[in-house]
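Shown next: upload.cif, containing mmCIF, C-alpha atoms.
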```cif
data_protein
loop_
_atom_site.group_PDB
_atom_site.id
_atom_site.type_symbol
_atom_site.label_atom_id
_atom_site.label_comp_id
_atom_site.auth_asym_id
_atom_site.auth_seq_id
_atom_site.Cartn_x
_atom_site.Cartn_y
_atom_site.Cartn_z
ATOM 1 C CA TYR A 13 0.000 0.000 0.000
ATOM 2 C CA GLY A 14 1.173 3.537 -0.708
ATOM 3 C CA GLN A 15 0.878 6.563 -2.930
ATOM 4 C CA THR A 16 1.369 6.486 -6.686
ATOM 5 C CA GLY A 17 5.055 6.257 -7.632
ATOM 6 C CA SER A 18 6.313 5.077 -4.238
ATOM 7 C CA GLY A 19 7.687 1.758 -5.549
ATOM 8 C CA LYS A 20 4.948 -0.789 -4.771
ATOM 9 C CA THR A 21 5.173 -2.706 -8.055
ATOM 10 C CA PHE A 22 8.979 -2.692 -7.830
ATOM 11 C CA THR A 23 8.729 -4.166 -4.315
ATOM 12 C CA MET A 24 6.380 -6.935 -5.468
ATOM 13 C CA ALA A 25 7.666 -7.755 -8.974
ATOM 14 C CA GLY A 26 11.265 -6.498 -8.845
ATOM 15 C CA ASN A 27 13.183 -5.566 -11.976
ATOM 16 C CA ALA A 28 14.063 -8.473 -14.292
ATOM 17 C CA ALA A 29 16.336 -6.348 -16.510
ATOM 18 C CA ARG A 30 18.487 -5.368 -13.533
ATOM 19 C CA LYS A 31 18.116 -8.845 -11.989
ATOM 20 C CA ILE A 32 16.564 -7.450 -8.818
ATOM 21 C CA PRO A 33 14.047 -9.958 -7.425
ATOM 22 C CA GLY A 34 10.741 -8.862 -5.966
ATOM 23 C CA LEU A 35 8.599 -10.569 -3.339
ATOM 24 C CA TYR A 36 6.984 -12.750 -6.009
ATOM 25 C CA SER A 37 10.326 -14.309 -6.971
ATOM 26 C CA LEU A 38 11.648 -14.517 -3.416
ATOM 27 C CA ALA A 39 8.529 -16.378 -2.282
ATOM 28 C CA ILE A 40 8.640 -18.802 -5.214
ATOM 29 C CA ASN A 41 12.331 -19.573 -4.665
ATOM 30 C CA TYR A 42 11.761 -20.134 -0.947
ATOM 31 C CA LEU A 43 8.781 -22.386 -1.634
ATOM 32 C CA PHE A 44 10.639 -24.629 -4.092
ATOM 33 C CA ASP A 45 13.643 -24.855 -1.756
ATOM 34 C CA LEU A 46 11.266 -25.912 1.007
ATOM 35 C CA VAL A 47 9.629 -28.580 -1.164
ATOM 36 C CA LYS A 48 13.049 -29.907 -2.205
ATOM 37 C CA ASN A 49 14.598 -29.942 1.269
ATOM 38 C CA LYS A 50 11.562 -31.453 2.973
ATOM 39 C CA ASN A 51 10.951 -34.016 0.199
ATOM 40 C CA LEU A 52 7.393 -32.790 -0.261
ATOM 41 C CA ASN A 53 7.110 -34.217 -3.759
ATOM 42 C CA ASP A 54 3.386 -34.917 -3.382
ATOM 43 C CA LEU A 55 2.639 -31.182 -3.482
ATOM 44 C CA ALA A 56 1.742 -29.495 -6.777
ATOM 45 C CA ILE A 57 2.269 -25.739 -7.186
ATOM 46 C CA TYR A 58 0.155 -23.495 -9.425
ATOM 47 C CA ALA A 59 0.340 -19.770 -10.174
ATOM 48 C CA SER A 60 -2.282 -17.276 -11.275
ATOM 49 C CA LEU A 61 -2.181 -13.538 -11.848
ATOM 50 C CA PHE A 62 -5.202 -11.282 -12.271
ATOM 51 C CA GLU A 63 -6.081 -7.612 -11.925
ATOM 52 C CA ILE A 64 -9.010 -5.554 -10.684
ATOM 53 C CA TYR A 65 -9.462 -2.631 -13.059
ATOM 54 C CA GLU A 66 -12.372 -0.181 -12.795
ATOM 55 C CA GLY A 67 -14.334 -2.620 -10.655
ATOM 56 C CA ARG A 68 -13.883 -5.534 -13.072
ATOM 57 C CA VAL A 69 -11.635 -8.595 -12.792
ATOM 58 C CA PHE A 70 -9.339 -9.698 -15.645
ATOM 59 C CA ASP A 71 -7.043 -12.708 -16.044
ATOM 60 C CA LEU A 72 -3.530 -11.481 -16.911
ATOM 61 C CA LEU A 73 -2.416 -14.984 -17.952
ATOM 62 C CA ASN A 74 -5.303 -15.526 -20.368
ATOM 63 C CA SER A 75 -5.443 -12.536 -22.731
ATOM 64 C CA LYS A 76 -7.143 -10.373 -20.067
ATOM 65 C CA LYS A 77 -10.273 -12.508 -20.092
ATOM 66 C CA ARG A 78 -12.959 -11.034 -17.869
ATOM 67 C CA LEU A 79 -13.642 -13.122 -14.750
ATOM 68 C CA THR A 80 -16.632 -13.530 -12.448
ATOM 69 C CA LEU A 81 -16.602 -13.635 -8.641
ATOM 70 C CA LEU A 82 -19.076 -16.026 -7.003
ATOM 71 C CA GLU A 83 -19.538 -17.418 -3.505
ATOM 72 C CA ASP A 84 -20.157 -21.139 -3.014
ATOM 73 C CA ALA A 85 -22.415 -22.738 -0.401
ATOM 74 C CA SER A 86 -19.695 -22.430 2.271
ATOM 75 C CA GLN A 87 -19.354 -18.642 1.663
ATOM 76 C CA THR A 88 -15.934 -19.186 0.021
ATOM 77 C CA LEU A 89 -15.144 -16.922 -2.905
ATOM 78 C CA GLN A 90 -14.575 -18.632 -6.251
ATOM 79 C CA ILE A 91 -13.024 -16.810 -9.221
ATOM 80 C CA VAL A 92 -14.783 -18.413 -12.166
ATOM 81 C CA GLY A 93 -12.578 -18.952 -15.228
ATOM 82 C CA LEU A 94 -9.266 -18.034 -13.581
ATOM 83 C CA LYS A 95 -6.322 -19.798 -15.213
ATOM 84 C CA GLU A 96 -4.011 -21.662 -12.831
ATOM 85 C CA ALA A 97 -0.704 -22.429 -14.542
ATOM 86 C CA PRO A 98 1.261 -25.411 -13.172
ATOM 87 C CA VAL A 99 4.732 -24.362 -12.021
ATOM 88 C CA ALA A 100 7.584 -26.859 -12.178
ATOM 89 C CA ASN A 101 10.399 -24.610 -10.936
ATOM 90 C CA ALA A 102 11.295 -21.042 -10.002
ATOM 91 C CA ILE A 103 12.383 -20.150 -13.555
ATOM 92 C CA ALA A 104 8.981 -21.114 -14.956
ATOM 93 C CA ALA A 105 7.286 -19.053 -12.257
ATOM 94 C CA GLN A 106 9.390 -16.004 -13.135
ATOM 95 C CA LYS A 107 8.289 -16.260 -16.782
ATOM 96 C CA ILE A 108 4.652 -16.358 -15.659
ATOM 97 C CA ILE A 109 5.190 -13.263 -13.503
ATOM 98 C CA GLU A 110 6.820 -11.348 -16.376
ATOM 99 C CA LEU A 111 4.040 -12.366 -18.786
ATOM 100 C CA GLY A 112 1.282 -11.268 -16.446
ATOM 101 C CA THR A 113 2.945 -8.042 -15.298
ATOM 102 C CA ALA A 114 3.439 -6.951 -18.933
ATOM 103 C CA SER A 115 -0.333 -7.202 -19.500
ATOM 104 C CA ARG A 116 -1.270 -5.061 -16.515
ATOM 105 C CA SER A 117 -3.186 -1.818 -17.055
ATOM 106 C CA THR A 118 -0.851 1.193 -16.752
ATOM 107 C CA SER A 119 -0.897 4.797 -17.929
ATOM 108 C CA ALA A 120 0.884 8.086 -17.350
ATOM 109 C CA THR A 121 -0.394 10.503 -14.699
ATOM 110 C CA ALA A 122 0.849 13.805 -13.307
ATOM 111 C CA ALA A 123 2.277 11.895 -10.351
ATOM 112 C CA ASN A 124 3.895 8.980 -12.220
ATOM 113 C CA SER A 125 4.895 8.436 -15.857
ATOM 114 C CA GLU A 126 4.015 4.708 -15.669
ATOM 115 C CA SER A 127 1.355 4.363 -13.016
ATOM 116 C CA SER A 128 -0.384 1.066 -12.302
ATOM 117 C CA ARG A 129 -4.099 1.697 -12.786
ATOM 118 C CA SER A 130 -5.270 -1.607 -11.328
ATOM 119 C CA HIS A 131 -4.858 -3.803 -8.272
ATOM 120 C CA ALA A 132 -2.799 -6.871 -9.214
ATOM 121 C CA ILE A 133 -3.126 -10.165 -7.312
ATOM 122 C CA PHE A 134 -0.536 -12.906 -7.769
ATOM 123 C CA GLN A 135 -1.633 -16.191 -6.209
ATOM 124 C CA ILE A 136 0.442 -19.275 -5.480
ATOM 125 C CA THR A 137 -1.822 -22.258 -4.885
ATOM 126 C CA ILE A 138 -0.502 -25.462 -3.351
ATOM 127 C CA ARG A 139 -2.486 -28.637 -3.924
ATOM 128 C CA LYS A 140 -2.114 -32.119 -2.534
ATOM 129 C CA GLN A 141 -3.856 -34.795 -4.586
ATOM 130 C CA SER A 142 -6.087 -32.102 -6.172
ATOM 131 C CA ASN A 143 -7.139 -30.802 -2.735
ATOM 132 C CA LEU A 144 -6.248 -27.292 -1.606
ATOM 133 C CA HIS A 145 -3.274 -27.454 0.781
ATOM 134 C CA GLY A 146 -2.388 -23.759 1.043
ATOM 135 C CA LYS A 147 -2.477 -20.440 -0.772
ATOM 136 C CA PHE A 148 -0.376 -17.270 -0.914
ATOM 137 C CA SER A 149 -1.919 -14.043 -2.235
ATOM 138 C CA PHE A 150 0.398 -11.166 -3.101
ATOM 139 C CA VAL A 151 -1.578 -7.972 -3.645
ATOM 140 C CA ASP A 152 0.013 -5.016 -5.406
ATOM 141 C CA LEU A 153 -2.509 -2.264 -4.693
ATOM 142 C CA ALA A 154 -2.893 0.614 -7.097
ATOM 143 C CA GLY A 155 -1.589 3.883 -5.662
ATOM 144 C CA SER A 156 -3.794 6.183 -3.625
ATOM 145 C CA GLU A 157 -4.219 9.590 -5.260
ATOM 146 C CA ARG A 158 -5.386 13.067 -4.315
ATOM 147 C CA GLY A 159 -7.317 15.259 -6.693
ATOM 148 C CA SER A 160 -4.269 17.481 -7.138
ATOM 149 C CA ASP A 161 -2.254 14.454 -8.301
ATOM 150 C CA THR A 162 -4.527 13.957 -11.314
ATOM 151 C CA MET A 163 -5.395 17.610 -11.988
ATOM 152 C CA LYS A 164 -3.392 17.678 -15.222
ATOM 153 C CA SER A 165 -4.267 14.105 -16.210
ATOM 154 C CA SER A 166 -6.767 12.968 -18.830
ATOM 155 C CA GLN A 167 -10.425 12.377 -18.053
ATOM 156 C CA LYS A 168 -9.826 8.616 -18.259
ATOM 157 C CA ALA A 169 -7.015 8.824 -15.681
ATOM 158 C CA LYS A 170 -9.252 10.844 -13.363
ATOM 159 C CA LEU A 171 -12.001 8.218 -13.592
ATOM 160 C CA GLU A 172 -9.453 5.468 -12.964
ATOM 161 C CA GLY A 173 -8.149 7.339 -9.923
ATOM 162 C CA ALA A 174 -11.671 7.764 -8.555
ATOM 163 C CA GLU A 175 -12.327 4.026 -8.890
ATOM 164 C CA ILE A 176 -8.999 3.197 -7.205
ATOM 165 C CA ASN A 177 -9.754 5.483 -4.254
ATOM 166 C CA LYS A 178 -13.267 4.038 -3.987
ATOM 167 C CA SER A 179 -11.935 0.484 -3.648
ATOM 168 C CA LEU A 180 -9.208 1.556 -1.179
ATOM 169 C CA LEU A 181 -11.874 3.297 0.897
ATOM 170 C CA ALA A 182 -13.921 0.071 0.901
ATOM 171 C CA LEU A 183 -10.828 -1.771 2.152
ATOM 172 C CA LYS A 184 -10.374 0.827 4.902
ATOM 173 C CA GLU A 185 -14.020 0.387 5.959
ATOM 174 C CA CYS A 186 -13.492 -3.380 6.250
ATOM 175 C CA ILE A 187 -10.367 -2.877 8.358
ATOM 176 C CA ARG A 188 -12.240 -0.404 10.576
ATOM 177 C CA ALA A 189 -15.106 -2.885 11.044
ATOM 178 C CA LEU A 190 -12.652 -5.680 11.902
ATOM 179 C CA ASN A 191 -10.925 -3.418 14.431
ATOM 180 C CA ARG A 192 -14.235 -2.656 16.098
ATOM 181 C CA GLN A 193 -15.189 -6.344 15.949
ATOM 182 C CA SER A 194 -18.472 -5.351 14.338
ATOM 183 C CA THR A 195 -21.092 -8.018 13.732
ATOM 184 C CA HIS A 196 -21.003 -7.143 10.025
ATOM 185 C CA THR A 197 -17.925 -6.541 7.875
ATOM 186 C CA PRO A 198 -18.692 -4.995 4.432
ATOM 187 C CA PHE A 199 -16.473 -7.249 2.326
ATOM 188 C CA ARG A 200 -18.979 -7.027 -0.542
ATOM 189 C CA GLY A 201 -18.360 -3.280 -0.829
ATOM 190 C CA SER A 202 -15.962 -3.769 -3.759
ATOM 191 C CA LYS A 203 -14.317 -6.466 -5.868
ATOM 192 C CA LEU A 204 -11.041 -5.795 -4.032
ATOM 193 C CA THR A 205 -12.489 -6.490 -0.573
ATOM 194 C CA GLN A 206 -14.296 -9.570 -1.868
ATOM 195 C CA VAL A 207 -10.996 -11.000 -3.096
ATOM 196 C CA LEU A 208 -9.139 -10.045 0.101
ATOM 197 C CA ARG A 209 -11.691 -11.463 2.532
ATOM 198 C CA ASP A 210 -9.889 -14.820 2.746
ATOM 199 C CA SER A 211 -6.691 -12.946 3.662
ATOM 200 C CA PHE A 212 -8.218 -11.380 6.763
ATOM 201 C CA ILE A 213 -10.384 -14.110 8.293
ATOM 202 C CA GLY A 214 -9.895 -17.676 9.483
ATOM 203 C CA ASP A 215 -7.873 -19.415 12.161
ATOM 204 C CA LYS A 216 -4.993 -20.306 9.826
ATOM 205 C CA THR A 217 -4.823 -16.976 8.014
ATOM 206 C CA GLN A 218 -1.945 -14.536 8.329
ATOM 207 C CA ALA A 219 -1.835 -11.105 6.688
ATOM 208 C CA VAL A 220 1.167 -8.814 6.264
ATOM 209 C CA MET A 221 0.954 -5.268 4.921
ATOM 210 C CA ILE A 222 3.982 -3.546 3.419
ATOM 211 C CA VAL A 223 3.696 0.210 3.024
ATOM 212 C CA ASN A 224 5.717 2.332 0.618
ATOM 213 C CA ILE A 225 6.401 6.016 1.173
ATOM 214 C CA SER A 226 8.167 8.602 -0.953
ATOM 215 C CA PRO A 227 11.253 10.461 0.389
ATOM 216 C CA SER A 228 10.045 13.706 -1.196
ATOM 217 C CA SER A 229 8.975 16.486 1.186
ATOM 218 C CA LYS A 230 6.082 17.187 -1.201
ATOM 219 C CA SER A 231 4.639 13.784 -0.243
ATOM 220 C CA CYS A 232 4.433 14.557 3.475
ATOM 221 C CA GLU A 233 0.616 14.402 3.602
ATOM 222 C CA HIS A 234 0.585 11.129 1.652
ATOM 223 C CA THR A 235 3.234 9.680 3.975
ATOM 224 C CA LEU A 236 1.231 10.503 7.114
ATOM 225 C CA ASN A 237 -1.962 9.029 5.644
ATOM 226 C CA THR A 238 -0.092 5.874 4.581
ATOM 227 C CA LEU A 239 1.414 5.388 8.045
ATOM 228 C CA ARG A 240 -1.990 5.911 9.700
ATOM 229 C CA TYR A 241 -3.469 3.308 7.373
ATOM 230 C CA ALA A 242 -0.685 0.847 8.175
ATOM 231 C CA ASP A 243 -0.983 1.458 11.913
ATOM 232 C CA ARG A 244 -4.676 0.601 11.792
ATOM 233 C CA VAL A 245 -3.866 -2.699 10.059
ATOM 234 C CA LYS A 246 -1.013 -3.429 12.483
ATOM 235 C CA GLU A 247 -3.379 -3.254 15.448
ATOM 236 C CA LEU A 248 -5.946 -5.466 13.732
ATOM 237 C CA LYS A 249 -7.413 -8.118 15.998
ATOM 238 C CA TYR A 250 -10.227 -10.174 14.625
ATOM 239 C CA ASP A 251 -12.545 -12.662 16.267
ATOM 240 C CA ASP A 252 -13.615 -15.187 13.647
ATOM 241 C CA SER A 253 -16.821 -15.831 15.581
ATOM 242 C CA ASN A 254 -18.179 -12.577 14.112
ATOM 243 C CA LEU A 255 -18.081 -14.067 10.627
ATOM 244 C CA LEU A 256 -19.682 -17.287 11.865
ATOM 245 C CA ASN A 257 -22.452 -15.270 13.518
ATOM 246 C CA GLU A 258 -22.998 -13.359 10.296
ATOM 247 C CA ILE A 259 -23.219 -16.580 8.244
ATOM 248 C CA GLU A 260 -25.587 -18.151 10.781
ATOM 249 C CA GLU A 261 -27.737 -15.015 10.728
ATOM 250 C CA ASN A 262 -27.969 -15.136 6.921
ATOM 251 C CA GLN A 263 -28.882 -18.809 7.018
ATOM 252 C CA GLN A 264 -31.495 -18.140 9.727
ATOM 253 C CA ASN A 265 -33.001 -15.367 7.611
ATOM 254 C CA GLU A 266 -33.244 -17.779 4.680
ATOM 255 C CA ILE A 267 -35.026 -20.323 6.902
ATOM 256 C CA ILE A 268 -37.427 -17.646 8.206
ATOM 257 C CA GLY A 269 -38.114 -16.608 4.618
ATOM 258 C CA GLN A 270 -38.906 -20.213 3.678
ATOM 259 C CA ASP A 271 -41.190 -20.567 6.720
ATOM 260 C CA ASN A 272 -43.028 -17.379 5.774
ATOM 261 C CA ASN A 273 -43.511 -18.659 2.237
ATOM 262 C CA GLU A 274 -44.863 -21.948 3.552
ATOM 263 C CA GLU A 275 -47.219 -20.107 5.934
ATOM 264 C CA PHE A 276 -48.400 -17.927 3.067
ATOM 265 C CA ASP A 277 -49.010 -21.018 0.924
ATOM 266 C CA ASN A 278 -50.998 -22.643 3.763
ATOM 267 C CA ASN A 279 -53.149 -19.513 4.143
ATOM 268 C CA GLU A 280 -53.865 -19.564 0.416
ATOM 269 C CA ASP A 281 -54.922 -23.219 0.632
ATOM 270 C CA GLU A 282 -57.266 -22.471 3.562
ATOM 271 C CA GLN A 283 -58.839 -19.555 1.689
ATOM 272 C CA GLU A 284 -59.410 -21.730 -1.384
ATOM 273 C CA GLN A 285 -61.083 -24.420 0.772
ATOM 274 C CA GLU A 286 -63.389 -21.839 2.401
ATOM 275 C CA GLN A 287 -64.403 -20.467 -1.014
ATOM 276 C CA GLU A 288 -65.178 -23.980 -2.288
ATOM 277 C CA GLN A 289 -67.352 -24.693 0.796
ATOM 278 C CA GLU A 290 -69.278 -21.410 0.307
ATOM 279 C CA GLN A 291 -69.895 -22.263 -3.343
ATOM 280 C CA GLU A 292 -71.176 -25.739 -2.405
ATOM 281 C CA GLN A 293 -73.588 -24.250 0.206
ATOM 282 C CA GLU A 294 -74.950 -21.805 -2.395
#
```

Written as structure tokens, how would this file's structure read?
Amino acid sequence: YGQTGSGKTFTMAGNAARKIPGLYSLAINYLFDLVKNKNLNDLAIYASLFEIYEGRVFDLLNSKKRLTLLEDASQTLQIVGLKEAPVANAIAAQKIIELGTASRSTSATAANSESSRSHAIFQITIRKQSNLHGKFSFVDLAGSERGSDTMKSSQKAKLEGAEINKSLLALKECIRALNRQSTHTPFRGSKLTQVLRDSFIGDKTQAVMIVNISPSSKSCEHTLNTLRYADRVKELKYDDSNLLNEIEENQQNEIIGQDNNEEFDNNEDEQEQEQEQEQEQE
């Protein structure tokens, strides 16, 4: 997380031309070393890379095919149509990262000559005999922007910036709700928060936020806002029972709705019987 031009994409993806690895590559290398040293040959590793651009989800490994987000019966998010590429080694993974990163939506703004205009999510999925064994999600958020940052930008860039800020605000609202241990957390407020829900909840989930700040004195306000944002996440304590209560409440509402429908149907049947009896008496 951080302002536009503070080095977020460089931190995550690195620079292949200068042979500087990013977190993507470091994680992949560590994972394959772990599999090799622990003789975990029964684990299969897959990689996927997609972006959230203007509230829509696109597969960066499949010609930017538009994807759909759906929840299954267990309230788990499923990204329909997402391509998972099997990864045999770290070199193959690096090629996948370079391919996907090259397809990401970018454009020039007043704040950055090559600004990422989308949130990019790189996922490493580990499967054991086709069953999910673990998952890493690396999220390169698009940069937060002020109106003055895009004042000299095109109308398209302004609209992109507004959509980025909207999704980041939705993420902030979710973090605030988790901090307060509210009974409801608005994860459905944006596509970004829907995708990130699995990263914040669950007994076996761990989330780490890396914040980037600019050394420029002109970015002082951005820097303070970024650090406040990070501090809120750092203090995050979440009781998973809130989510369970929310799911149970939704299920209970569905049952009540079914009961009401059945009661309504029974009333209709009784009314029809009374009308038939009146007609017979006449």

Tell me which residues the PyMOL selection byres ((chain A and resi 176) around 9) grabs here, as a VMD selection string. chain A and resid 65 to 67 129 to 131 153 to 157 171 to 175 177 to 181

Expressed in Å to a single decimal, how great is the separation between atom CA of A:Gly17 and atom CA of A:Ile225?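 About the pair atom CA of A:Gly17 and atom CA of A:Ile225: they are 8.9 Å apart.
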
Leaving out A:Asp152 and any residue of its chain fewer than 3 positions from it, which residues lie within 9 Å of it when counting only C-alpha atoms, given as a PDB file with C-alpha atoms, in the frame of the given file?
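Output contents, as saved in around.pdb:
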```pdb
ATOM      1  CA  TYR A  13       0.000   0.000   0.000  1.00  0.00           C
ATOM      2  CA  LYS A  20       4.948  -0.789  -4.771  1.00  0.00           C
ATOM      3  CA  THR A  21       5.173  -2.706  -8.055  1.00  0.00           C
ATOM      4  CA  THR A  23       8.729  -4.166  -4.315  1.00  0.00           C
ATOM      5  CA  MET A  24       6.380  -6.935  -5.468  1.00  0.00           C
ATOM      6  CA  ALA A  25       7.666  -7.755  -8.974  1.00  0.00           C
ATOM      7  CA  SER A 130      -5.270  -1.607 -11.328  1.00  0.00           C
ATOM      8  CA  HIS A 131      -4.858  -3.803  -8.272  1.00  0.00           C
ATOM      9  CA  ALA A 132      -2.799  -6.871  -9.214  1.00  0.00           C
ATOM     10  CA  ILE A 133      -3.126 -10.165  -7.312  1.00  0.00           C
ATOM     11  CA  PHE A 134      -0.536 -12.906  -7.769  1.00  0.00           C
TER      12      PHE A 134
END
```

Got a sec: who's within 7 Å of A:Glu96, counting all atoms listed in the file, leaving out chain neighbours fewer than 3 positions off, as an MDAnalysis selection string? chainID A and resid 58:60

Between atom CA of A:Asn74 and atom CA of A:Gly201, what is the distance, to one decimal in Å?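 Going from atom CA of A:Asn74 over to atom CA of A:Gly201 covers 26.5 Å.
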
Check which residues satisfy the PyMOL selection byres ((chain A and resi 219) around 12) in the file shown, then give them as number ranges by chain. A: 147-151, 187, 208-218, 220-222, 245-250

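Using all atoms listed in the file for every distance, the candidate list A:Val99, A:Gln90, A:Arg78, A:Gln106 yields A:Gln106 as the residue closest to A:Ile32.
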
Please enumerate the residues selected by the PyMOL selection byres ((chain A and resi 189) around 12) when evaluated against the supplied file, formatted as an MDAnalysis selection string. chainID A and resid 182:188 190:199 212 244:245 248:251 254:255

Taking only C-alpha atoms into account, which of A:Ala85, A:Ile91, A:Ile138, A:Ile64 comes nearest A:Arg116? A:Ile64

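Relative to atom CA of A:Gly34, atom CA of A:Phe22 is found at 6.7 Å.
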
Within 12 Å of (-11.5, -19.2, -12.7), in the coordinates the file gives, what residues turn up when you count all atoms listed in the file, written out as a PyMOL selection string? chain A and resi 60-62+69-74+77-82+89-97
